[in-house]
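K.L.:
My structure file data_38.tsv, TSV, C-alpha atoms and all ligand atoms, is below:
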```tsv
chain	number	residue	atom	x	y	z
A	163	MET	CA	85.04	60.89	91.87
A	164	ALA	CA	87.21	61.05	94.96
A	165	ARG	CA	86.16	60.43	98.51
A	166	LEU	CA	86.93	62.98	101.21
A	167	GLY	CA	87.07	61.20	104.51
A	168	SER	CA	84.27	58.69	104.62
A	169	TRP	CA	81.22	60.72	103.69
A	170	ILE	CA	82.07	63.59	101.36
A	171	GLU	CA	82.69	63.08	97.68
A	172	SER	CA	84.42	65.28	95.15
A	173	HIS	CA	82.92	65.26	91.69
A	174	ALA	CA	83.83	67.41	88.68
A	175	GLU	CA	80.73	69.53	89.24
A	176	GLY	CA	81.21	70.07	92.97
A	177	ILE	CA	81.51	68.62	96.44
A	178	TYR	CA	78.75	66.19	97.37
A	179	VAL	CA	77.74	65.73	101.01
A	180	ALA	CA	76.21	62.26	100.87
A	181	PRO	CA	74.46	62.01	104.27
A	182	ALA	CA	72.66	65.31	103.58
A	183	ASP	CA	72.18	64.69	99.85
A	184	ALA	CA	73.48	68.22	99.20
A	185	TRP	CA	76.03	69.83	96.87
A	186	ILE	CA	78.39	72.65	97.79
A	187	ASP	CA	78.80	75.40	95.14
A	188	PRO	CA	77.85	73.02	92.32
A	189	SER	CA	78.59	74.19	88.79
A	190	GLU	CA	75.41	72.51	87.53
A	191	ALA	CA	71.83	72.86	88.71
A	192	LYS	CA	71.16	70.46	91.62
A	193	PRO	CA	68.09	69.68	93.75
A	194	ARG	CA	69.85	70.87	96.92
A	195	ALA	CA	72.75	73.34	96.89
A	196	TRP	CA	74.69	74.96	99.72
A	197	VAL	CA	76.31	78.13	98.43
A	198	THR	CA	79.35	79.72	100.10
A	199	HIS	CA	79.11	83.18	98.46
A	200	GLY	CA	77.65	85.16	95.59
A	201	HIS	CA	80.43	85.14	92.97
A	202	GLY	CA	79.19	83.68	89.71
A	203	ASP	CA	81.49	80.66	89.70
A	204	HIS	CA	80.22	79.51	93.11
A	205	ALA	CA	76.59	80.67	93.01
A	206	ARG	CA	74.80	79.42	89.92
A	207	GLY	CA	71.14	79.73	89.04
A	208	GLY	CA	68.58	76.97	88.64
A	209	HIS	CA	69.01	74.93	91.82
A	210	GLY	CA	66.00	73.29	93.45
A	211	ALA	CA	66.67	74.53	96.99
A	212	VAL	CA	69.48	76.82	98.09
A	213	LEU	CA	70.91	77.12	101.59
A	214	ALA	CA	72.98	80.30	101.94
A	215	THR	CA	73.35	83.40	104.07
A	216	THR	CA	70.69	86.10	103.67
A	217	GLU	CA	73.24	88.33	101.90
A	218	THR	CA	74.27	85.61	99.45
A	219	LEU	CA	70.63	84.82	98.65
A	220	ALA	CA	70.00	88.53	97.99
A	221	ILE	CA	73.01	88.64	95.65
A	222	MET	CA	71.75	85.53	93.82
A	223	GLU	CA	68.33	87.11	93.45
A	224	THR	CA	69.72	90.27	91.84
A	225	ARG	CA	71.47	88.01	89.34
A	226	TYR	CA	69.09	85.10	88.72
A	227	GLY	CA	65.71	86.28	89.99
A	228	PRO	CA	63.72	84.69	92.85
A	229	GLN	CA	65.37	81.69	94.56
A	230	SER	CA	63.75	78.93	96.54
A	231	GLY	CA	66.25	79.77	99.21
A	232	GLN	CA	66.54	79.04	102.89
A	233	PRO	CA	68.52	81.80	104.62
A	234	ILE	CA	70.92	80.75	107.36
A	235	ALA	CA	72.51	83.22	109.78
A	236	TYR	CA	76.19	83.01	110.70
A	237	ASP	CA	76.67	80.43	113.46
A	238	GLU	CA	73.11	79.16	113.34
A	239	SER	CA	73.30	75.36	113.39
A	240	ILE	CA	70.83	73.22	111.49
A	241	ARG	CA	70.55	69.53	110.80
A	242	VAL	CA	70.11	68.33	107.23
A	243	GLY	CA	69.77	64.59	106.83
A	244	ASP	CA	72.46	63.22	109.13
A	245	VAL	CA	74.71	66.29	109.05
A	246	ASP	CA	74.94	69.24	111.43
A	247	VAL	CA	75.78	72.25	109.32
A	248	ARG	CA	76.58	75.87	110.06
A	249	PHE	CA	77.94	78.79	108.06
A	250	VAL	CA	80.73	80.91	109.53
A	251	PRO	CA	82.26	84.09	108.06
A	252	ALA	CA	84.94	83.69	105.37
A	253	GLY	CA	85.96	87.37	105.09
A	254	HIS	CA	85.82	87.27	101.28
A	255	VAL	CA	82.79	89.40	100.26
A	256	LEU	CA	79.47	90.42	101.86
A	257	GLY	CA	77.72	87.29	103.13
A	258	SER	CA	80.59	84.92	102.28
A	259	ALA	CA	80.77	81.82	104.43
A	260	GLN	CA	82.73	78.71	105.19
A	261	ILE	CA	80.52	75.67	105.57
A	262	VAL	CA	81.19	73.69	108.73
A	263	MET	CA	79.82	70.15	108.77
A	264	GLU	CA	79.83	67.47	111.42
A	265	HIS	CA	78.93	63.87	110.85
A	266	ALA	CA	80.05	60.61	112.43
A	267	GLY	CA	82.38	62.36	114.85
A	268	GLU	CA	84.27	64.13	112.08
A	269	ARG	CA	84.33	67.85	111.29
A	270	VAL	CA	84.85	69.09	107.75
A	271	VAL	CA	85.18	72.78	106.82
A	272	VAL	CA	84.76	73.92	103.22
A	273	SER	CA	86.23	77.41	103.08
A	274	GLY	CA	84.89	78.68	99.77
A	275	ASP	CA	86.98	81.72	98.87
A	276	TYR	CA	88.47	83.53	101.84
A	277	LYS	CA	90.98	86.05	103.10
A	278	ARG	CA	92.33	86.86	106.56
A	279	ARG	CA	92.95	90.61	106.43
A	280	PRO	CA	90.22	93.01	107.56
A	281	ASP	CA	87.64	94.18	105.04
A	282	PRO	CA	85.19	96.92	106.07
A	283	THR	CA	82.45	95.42	103.88
A	284	CYS	CA	82.17	91.98	105.47
A	285	ALA	CA	82.63	89.93	108.63
A	286	CYS	CA	86.14	88.66	109.37
A	287	PHE	CA	87.14	85.04	108.71
A	288	VAL	CA	86.50	82.85	111.75
A	289	PRO	CA	88.97	79.97	112.17
A	290	VAL	CA	87.26	76.67	113.00
A	291	PRO	CA	89.63	73.82	113.88
A	292	CYS	CA	88.67	70.71	111.93
A	293	ASP	CA	89.68	67.25	110.74
A	294	ILE	CA	89.45	68.04	107.04
A	295	PHE	CA	89.92	71.54	105.63
A	296	VAL	CA	88.89	72.18	102.04
A	297	THR	CA	90.73	75.31	100.96
A	298	GLU	CA	90.96	77.46	97.87
A	299	ALA	CA	94.44	78.25	96.54
A	300	THR	CA	93.96	81.10	94.07
A	301	PHE	CA	97.25	82.68	95.21
A	302	GLY	CA	98.89	79.46	96.38
A	303	LEU	CA	102.45	80.33	95.44
A	304	PRO	CA	105.08	81.91	97.70
A	305	VAL	CA	105.46	84.77	95.18
A	306	PHE	CA	102.00	86.01	96.15
A	307	ARG	CA	102.31	88.18	99.22
A	308	HIS	CA	99.76	90.96	99.16
A	309	PRO	CA	100.97	94.31	100.54
A	310	ASP	CA	99.13	96.31	103.17
A	311	THR	CA	95.81	97.54	101.74
A	312	GLY	CA	96.09	101.04	103.24
A	313	SER	CA	99.38	101.69	101.46
A	314	GLU	CA	97.87	100.64	98.10
A	315	ILE	CA	94.93	103.02	98.70
A	316	ASP	CA	97.42	105.80	99.53
A	317	ARG	CA	99.18	105.20	96.19
A	318	LEU	CA	95.82	105.59	94.47
A	319	LEU	CA	95.07	108.87	96.27
A	320	HIS	CA	98.55	110.19	95.61
A	321	ARG	CA	98.12	109.57	91.90
A	322	LEU	CA	94.69	111.21	91.93
A	323	HIS	CA	95.98	114.36	93.60
A	324	ALA	CA	99.04	114.58	91.34
A	325	ASP	CA	96.98	115.84	88.38
A	326	PRO	CA	93.51	117.29	89.03
A	327	SER	CA	92.80	117.58	85.30
A	328	ARG	CA	92.67	113.79	84.98
A	329	CYS	CA	90.53	111.13	86.63
A	330	VAL	CA	91.69	107.76	87.94
A	331	LEU	CA	89.67	104.89	86.50
A	332	VAL	CA	89.85	101.88	88.83
A	333	GLY	CA	88.95	98.46	87.45
A	334	ALA	CA	87.43	96.41	90.25
A	335	TYR	CA	85.26	93.31	90.22
A	336	ALA	CA	81.60	94.37	90.53
A	337	LEU	CA	80.74	92.18	93.52
A	338	GLY	CA	82.85	92.90	96.55
A	339	LYS	CA	86.01	94.51	95.25
A	340	ALA	CA	84.29	97.67	93.98
A	341	GLN	CA	82.50	98.29	97.30
A	342	ARG	CA	85.63	97.44	99.28
A	343	ILE	CA	87.71	99.99	97.35
A	344	ILE	CA	85.08	102.65	98.03
A	345	THR	CA	84.95	101.92	101.78
A	346	GLU	CA	88.75	101.72	102.03
A	347	LEU	CA	88.93	105.16	100.34
A	348	ARG	CA	86.42	106.53	102.83
A	349	ALA	CA	88.44	105.07	105.71
A	350	ARG	CA	91.47	106.98	104.35
A	351	GLY	CA	89.49	110.23	104.59
A	352	HIS	CA	88.52	110.51	100.92
A	353	ASN	CA	85.00	111.98	101.09
A	354	ASP	CA	84.67	113.35	97.54
A	355	PRO	CA	81.97	111.94	95.27
A	356	ILE	CA	83.08	108.73	93.55
A	357	TYR	CA	81.74	108.01	90.06
A	358	PHE	CA	80.64	104.53	89.07
A	359	HIS	CA	79.92	102.47	85.95
A	360	GLY	CA	76.27	101.39	85.60
A	361	ALA	CA	77.22	97.70	85.96
A	362	ILE	CA	78.02	98.10	89.64
A	363	GLU	CA	75.02	100.20	90.63
A	364	ARG	CA	72.72	97.41	91.81
A	365	LEU	CA	75.44	95.81	93.92
A	366	ASN	CA	76.30	99.18	95.49
A	367	GLN	CA	72.65	99.52	96.47
A	368	LEU	CA	72.54	95.98	97.81
A	369	TYR	CA	75.61	96.61	100.00
A	370	GLU	CA	74.10	99.84	101.30
A	371	GLY	CA	70.86	97.97	102.03
A	372	PHE	CA	72.90	95.67	104.29
A	373	GLY	CA	74.38	98.65	106.13
A	374	VAL	CA	77.69	99.15	104.30
A	375	ALA	CA	77.98	102.95	103.96
A	376	LEU	CA	79.57	103.98	100.65
A	377	GLY	CA	79.32	107.79	100.89
A	378	GLU	CA	78.39	109.99	97.94
A	379	LEU	CA	78.32	108.04	94.67
A	380	ARG	CA	77.44	109.41	91.24
A	381	PRO	CA	76.78	107.64	87.95
A	382	ALA	CA	79.49	108.26	85.36
A	383	THR	CA	76.84	108.03	82.67
A	384	GLY	CA	75.60	111.52	81.97
A	385	ALA	CA	78.43	113.26	83.87
A	386	SER	CA	80.64	115.65	81.89
A	387	LYS	CA	84.40	115.30	81.58
A	388	ALA	CA	84.83	118.51	83.56
A	389	GLU	CA	82.77	117.14	86.47
A	390	MET	CA	84.78	113.92	86.64
A	391	ALA	CA	88.23	115.55	86.43
A	392	GLY	CA	90.09	115.07	89.70
A	393	HIS	CA	87.76	112.23	90.75
A	394	ILE	CA	87.88	108.46	91.06
A	395	VAL	CA	85.74	106.39	88.72
A	396	ILE	CA	85.07	102.71	89.52
A	397	ALA	CA	84.21	100.26	86.74
A	398	PRO	CA	84.30	96.50	86.21
A	399	PRO	CA	87.62	95.32	84.73
A	400	GLY	CA	85.97	94.63	81.35
A	401	ALA	CA	85.18	98.33	80.90
A	402	LEU	CA	88.78	99.54	81.34
A	403	ASN	CA	89.72	99.38	77.69
A	404	ASP	CA	86.34	99.57	75.99
A	405	ARG	CA	84.63	102.49	74.34
A	406	TRP	CA	82.86	103.37	77.54
A	407	SER	CA	86.05	104.81	79.01
A	408	ARG	CA	86.35	107.41	76.23
A	409	ARG	CA	83.82	109.58	78.01
A	410	LEU	CA	86.28	110.07	80.87
A	411	PRO	CA	88.74	112.99	81.24
A	412	ASP	CA	92.17	111.55	80.28
A	413	PRO	CA	91.91	108.60	82.70
A	414	VAL	CA	94.82	107.11	84.56
A	415	THR	CA	93.96	103.41	84.28
A	416	ALA	CA	94.26	101.49	87.55
A	417	MET	CA	93.19	98.01	88.52
A	418	ALA	CA	92.67	96.48	91.97
A	419	SER	CA	93.51	92.78	91.97
A	420	GLY	CA	95.88	90.27	93.50
A	421	TRP	CA	96.95	89.51	89.92
A	422	MET	CA	98.53	92.96	89.68
A	423	ARG	CA	101.56	91.35	91.35
A	424	ILE	CA	102.26	89.93	87.88
A	425	ARG	CA	103.52	92.73	85.62
A	426	GLN	CA	102.44	90.95	82.49
A	427	ARG	CA	98.81	90.86	83.66
A	428	ALA	CA	98.88	94.62	84.24
A	429	ARG	CA	100.39	95.19	80.81
A	430	GLN	CA	97.77	93.01	79.10
A	431	ARG	CA	95.06	95.34	80.37
A	432	ASN	CA	97.06	98.54	79.75
A	433	VAL	CA	97.05	99.23	83.46
A	434	GLU	CA	99.19	102.21	84.38
A	435	LEU	CA	98.59	101.98	88.13
A	436	PRO	CA	98.44	98.36	89.35
A	437	LEU	CA	96.97	98.09	92.86
A	438	ILE	CA	97.59	94.81	94.64
A	439	ILE	CA	94.34	94.49	96.56
A	440	SER	CA	92.91	91.01	96.79
A	441	ASP	CA	89.85	89.31	98.25
A	442	HIS	CA	91.71	85.99	98.38
A	443	ALA	CA	94.23	84.71	100.90
A	444	ASP	CA	97.85	85.16	99.85
A	445	TRP	CA	100.51	82.51	100.46
A	446	ASP	CA	101.12	83.55	104.07
A	447	GLU	CA	97.41	83.66	104.85
A	448	LEU	CA	96.87	80.20	103.36
A	449	THR	CA	99.70	78.59	105.32
A	450	MET	CA	98.87	80.51	108.52
A	451	THR	CA	95.27	79.30	108.28
A	452	ILE	CA	96.26	75.67	107.84
A	453	ARG	CA	98.66	75.90	110.80
A	454	GLU	CA	95.91	77.43	112.91
A	455	LEU	CA	93.18	74.90	112.04
A	456	GLU	CA	95.51	71.89	112.46
A	457	PRO	CA	93.56	69.62	110.13
A	458	THR	CA	94.75	66.08	109.53
A	459	GLU	CA	93.88	66.45	105.85
A	460	VAL	CA	93.75	69.40	103.45
A	461	TRP	CA	91.83	69.29	100.19
A	462	ILE	CA	92.70	72.00	97.71
A	463	THR	CA	90.17	73.36	95.24
A	464	HIS	CA	90.77	75.95	92.55
A	465	GLY	CA	94.06	77.71	92.14
A	466	ARG	CA	97.71	76.75	92.19
A	467	GLU	CA	97.48	73.47	94.07
A	468	GLU	CA	100.97	72.04	93.72
A	469	ALA	CA	102.96	74.37	95.96
A	470	LEU	CA	100.40	74.27	98.76
A	471	LYS	CA	100.16	70.50	98.53
A	472	HIS	CA	103.92	70.30	98.86
A	473	TRP	CA	103.89	72.69	101.82
A	474	CYS	CA	101.28	70.52	103.57
A	475	MET	CA	103.29	67.37	102.98
A	476	THR	CA	106.44	68.93	104.43
A	477	HIS	CA	104.35	69.80	107.50
A	478	GLN	CA	103.09	66.21	107.88
A	479	ILE	CA	99.58	67.04	106.69
A	480	LYS	CA	97.95	64.80	104.15
A	481	ALA	CA	96.98	66.88	101.11
A	482	CYS	CA	95.22	66.30	97.85
A	483	GLU	CA	93.85	68.40	95.02
A	484	LEU	CA	90.25	68.28	93.87
A	485	ASN	CA	89.65	68.53	90.19
A	486	LEU	CA	86.50	70.61	90.18
A	487	VAL	CA	85.46	72.27	86.97
A	488	GLY	CA	83.91	75.67	86.47
A	489	TYR	CA	85.77	77.67	89.09
A	490	GLU	CA	87.53	80.71	87.77
A	491	ASP	CA	89.91	83.06	89.45
A	492	GLU	CA	88.68	86.16	87.68
A	493	ASP	CA	86.51	87.20	90.63
A	494	GLU	CA	89.61	88.93	91.76
A	501	ZN	ZN	84.81	84.47	95.19
A	502	ZN	ZN	86.29	81.36	93.59
```
Re-express the file's structure as structure tokens.
Ligand SMILES: [Zn+2]
Ligand SMILES: [Zn+2]

P.N.:
Amino acid sequence: MARLGSWIESHAEGIYVAPADAWIDPSEAKPRAWVTHGHGDHARGGHGAVLATTETLAIMETRYGPQSGQPIAYDESIRVGDVDVRFVPAGHVLGSAQIVMEHAGERVVVSGDYKRRPDPTCACFVPVPCDIFVTEATFGLPVFRHPDTGSEIDRLLHRLHADPSRCVLVGAYALGKAQRIITELRARGHNDPIYFHGAIERLNQLYEGFGVALGELRPATGASKAEMAGHIVIAPPGALNDRWSRRLPDPVTAMASGWMRIRQRARQRNVELPLIISDHADWDELTMTIRELEPTEVWITHGREEALKHWCMTHQIKACELNLVGYEDEDE
């Protein structure tokens, strides 16, 4: 156990806010959990009471069934125990939030996962200056600099139009990335039907229910090869190389992930068209955010902690890594 400031503790299973008796994104069931966003490594089932945005609670309910949840709107401030807490947008996926806490004259912000570039499916990250900033570091190495999203989408469309007898199969994480790819395609003027794998159907519907327009979508199941030729098909990354994809017309295999920067990762999944599109901050976004928030201390959760820790120290910011278990970086 490590102590963050005077009143927040870091345990293997999560961050514990002592004066509120609450856990943030705990990896084990807890009586009181505050959940930053719906990805499975942050939002687990079985908690006693959950405080989260309405969108995150809805995502948890599609996955785990009914929650004894208390919805909190962005920027609504509530008091729990001796802590004033509010959730502000993190720009990561629909409903994702940073948790801003004030106690004993000190402000702590736990970012959860975040990114700084615009995403048509969720509210933009709001910077909140603070004393202690708890940041993720999934892409915390200077080698990770994500390119402009529009140019990656253009590469995808170019490949699609190059051979109308084939389809392009895009592997994209089911929560967030899949819906973002669809809306980015629409924003680039691609209005054709997009086919989808059954595993993303419920989340597509959930996004649409919250007002994210996805255009015309069709299930790939039951569609003929001839119908899908010349179209984009979106599936979770796990379906790229499995038997499911044999129903598709000579697919060009693509994958949308920050990891596509690493050639070896693309090769492992037999990805022909790697698209570097990430829902996490890249190196420049991480360092820009820390500069902007001017914290006196930075605590680094999952990812590549060392380089960011070093960067903080060279900028006279105290930094430390938290050894939390159960966070993965595959939600990318
Ligand atoms: Zn996430
Ligand atoms: Zn994460």

K.L.:
Quick one: pull the distance between atom CA of Val296 of chain A and atom CA of Thr463 of chain A, Å, one decimal.

P.N.:
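Atom CA of Thr463 of chain A lies at a distance of 7.0 Å from atom CA of Val296 of chain A.
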
K.L.:
Write out as a ChimeraX atom specification which residues come within 6 Å of segment 419-431 of chain A when counting all atoms listed in the file, dropping same-chain ones fewer than 5 positions away.

P.N.:
/A:436,438-440,494

K.L.:
Kindly compile the residues surrounding ligand ZN 502 (chain A) within 12 Å, counting only C-alpha atoms and all ligand atoms, and format them as a VMD selection string.

P.N.:
chain A and resid 187 to 189 197 to 205 254 to 255 258 273 to 277 297 to 301 441 to 443 463 to 465 486 to 494

K.L.:
Within 12 Å of Ile186 of chain A, counting all atoms listed in the file, which residues show up once you throw out same-chain ones fewer than 2 positions away? Write them as a VMD selection string, please.

P.N.:
chain A and resid 170 to 180 182 to 184 188 to 199 203 to 206 209 211 to 214 247 249 259 to 263 271 to 274 296 486

K.L.:
Using only C-alpha atoms and all ligand atoms, pick whichever of A:Ala416, A:Ile221, A:Leu337, A:Val332 has the shortest atom-to-atom distance to ligand ZN 501 (chain A).

P.N.:
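Closest candidate: A:Leu337.
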
K.L.:
Rank A:Met450, A:Leu379, A:Leu402, A:Ile479 by their smallest atom-to-atom distance to Gln341 of chain A, using all atoms listed in the file, and report the top residue only.

P.N.:
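Residue with the minimum atom-to-atom distance to Gln341 of chain A: A:Leu379.
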
K.L.:
Compile the contact shell of Ala361 of chain A as a PyMOL selection string: residues with an atom at most 8 Å away, counting all atoms listed in the file, same-chain residues fewer than 4 positions apart removed.

P.N.:
chain A and resi 336+397-398

K.L.:
Nearest to ligand ZN 501 (chain A): which of A:Ile315, A:Ala401, A:Ala252, A:Val242 is it, counting all atoms listed in the file?

P.N.:
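Checking each candidate against ligand ZN 501 (chain A), we get A:Ala252 as the closest.
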
K.L.:
Nearest to ligand ZN 501 (chain A): which of A:Thr215, A:Lys339, A:Pro280, A:Ala469 is it, counting all atoms listed in the file?

P.N.:
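Under the stated criterion, the closest residue is A:Lys339.
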
K.L.:
If I take atom CA of Ala285 of chain A and atom CA of Glu370 of chain A, how far is one from the other in Å, to one decimal?

P.N.:
15.0 Å

K.L.:
Between A:Gly333, A:Gly338, A:Asp412, A:Phe287, single out the one closest to ligand ZN 501 (chain A), counting only C-alpha atoms and all ligand atoms.

P.N.:
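Comparing A:Gly333, A:Gly338, A:Asp412, A:Phe287 against ligand ZN 501 (chain A), the winner is A:Gly338.
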
K.L.:
Could you give me, as a PyMOL selection string, the residues within 12 Å of His477 of chain A, counting all atoms listed in the file and dropping anything in the same chain fewer than 3 positions from it?

P.N.:
chain A and resi 449+452-453+456-460+470-474+480-481

K.L.:
What is the atom CA of Gly384 of chain A to atom CA of Leu368 of chain A distance in Å?

P.N.:
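According to the coordinates, atom CA of Gly384 of chain A and atom CA of Leu368 of chain A are separated by 22.4 Å.
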
K.L.:
Residues at most 9 Å from Asp244 of chain A, counting all atoms listed in the file, excluding those fewer than 6 positions away in the same chain, as a VMD selection string?

P.N.:
chain A and resid 181 to 182 264 to 266

K.L.:
Could you please fill out segment 295-316 of chain A with N, CA, C and O atoms and send it back as a short mmCIF file (atom, residue, chain, number, x, y, z; two decimals), in the coordinates of the input?

P.N.:
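The resulting file, selection33.cif, is shown below:
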```cif
data_model
loop_
_atom_site.label_atom_id
_atom_site.label_comp_id
_atom_site.auth_asym_id
_atom_site.auth_seq_id
_atom_site.Cartn_x
_atom_site.Cartn_y
_atom_site.Cartn_z
N PHE A 295 90.11 70.15 106.07
CA PHE A 295 89.92 71.54 105.63
C PHE A 295 89.99 71.57 104.12
O PHE A 295 90.99 71.13 103.54
N VAL A 296 88.92 72.06 103.50
CA VAL A 296 88.89 72.18 102.04
C VAL A 296 89.16 73.64 101.72
O VAL A 296 88.35 74.51 102.04
N THR A 297 90.31 73.92 101.14
CA THR A 297 90.73 75.31 100.96
C THR A 297 90.84 75.68 99.48
O THR A 297 91.14 74.84 98.64
N GLU A 298 90.62 76.94 99.19
CA GLU A 298 90.96 77.46 97.87
C GLU A 298 92.48 77.69 97.83
O GLU A 298 93.14 77.62 98.87
N ALA A 299 93.00 77.96 96.65
CA ALA A 299 94.44 78.25 96.54
C ALA A 299 94.70 79.18 95.36
O ALA A 299 95.68 79.02 94.64
N THR A 300 93.82 80.17 95.21
CA THR A 300 93.96 81.10 94.07
C THR A 300 95.38 81.67 94.01
O THR A 300 95.99 81.73 92.95
N PHE A 301 95.90 82.10 95.17
CA PHE A 301 97.25 82.68 95.21
C PHE A 301 98.20 81.76 95.98
O PHE A 301 99.00 82.21 96.80
N GLY A 302 98.10 80.46 95.67
CA GLY A 302 98.89 79.46 96.38
C GLY A 302 100.30 79.29 95.87
O GLY A 302 100.73 78.18 95.59
N LEU A 303 101.02 80.38 95.76
CA LEU A 303 102.45 80.33 95.44
C LEU A 303 103.16 81.34 96.33
O LEU A 303 102.62 82.42 96.58
N PRO A 304 104.38 80.99 96.78
CA PRO A 304 105.08 81.91 97.70
C PRO A 304 105.31 83.30 97.11
O PRO A 304 105.50 84.26 97.86
N VAL A 305 105.25 83.45 95.79
CA VAL A 305 105.46 84.77 95.18
C VAL A 305 104.31 85.72 95.52
O VAL A 305 104.46 86.95 95.51
N PHE A 306 103.15 85.16 95.85
CA PHE A 306 102.00 86.01 96.15
C PHE A 306 101.99 86.39 97.62
O PHE A 306 101.61 85.61 98.48
N ARG A 307 102.41 87.62 97.88
CA ARG A 307 102.31 88.18 99.22
C ARG A 307 101.71 89.57 99.04
O ARG A 307 102.37 90.47 98.53
N HIS A 308 100.45 89.69 99.40
CA HIS A 308 99.76 90.96 99.16
C HIS A 308 100.27 92.03 100.14
O HIS A 308 100.37 91.76 101.33
N PRO A 309 100.54 93.23 99.64
CA PRO A 309 100.97 94.31 100.54
C PRO A 309 99.81 94.81 101.40
O PRO A 309 98.65 94.43 101.19
N ASP A 310 100.12 95.68 102.32
CA ASP A 310 99.13 96.31 103.17
C ASP A 310 98.12 97.10 102.32
O ASP A 310 98.51 97.87 101.44
N THR A 311 96.84 96.90 102.57
CA THR A 311 95.81 97.54 101.74
C THR A 311 95.86 99.07 101.84
O THR A 311 95.74 99.77 100.82
N GLY A 312 96.06 99.59 103.06
CA GLY A 312 96.09 101.04 103.24
C GLY A 312 97.16 101.70 102.38
O GLY A 312 96.94 102.77 101.80
N SER A 313 98.31 101.06 102.25
CA SER A 313 99.38 101.69 101.46
C SER A 313 99.05 101.67 99.97
O SER A 313 99.41 102.58 99.22
N GLU A 314 98.31 100.66 99.51
CA GLU A 314 97.87 100.64 98.10
C GLU A 314 96.84 101.75 97.86
O GLU A 314 96.86 102.42 96.83
N ILE A 315 95.93 101.95 98.82
CA ILE A 315 94.93 103.02 98.70
C ILE A 315 95.63 104.38 98.70
O ILE A 315 95.28 105.29 97.93
N ASP A 316 96.66 104.54 99.51
CA ASP A 316 97.42 105.80 99.53
C ASP A 316 98.08 106.06 98.18
O ASP A 316 98.14 107.20 97.72
#
```
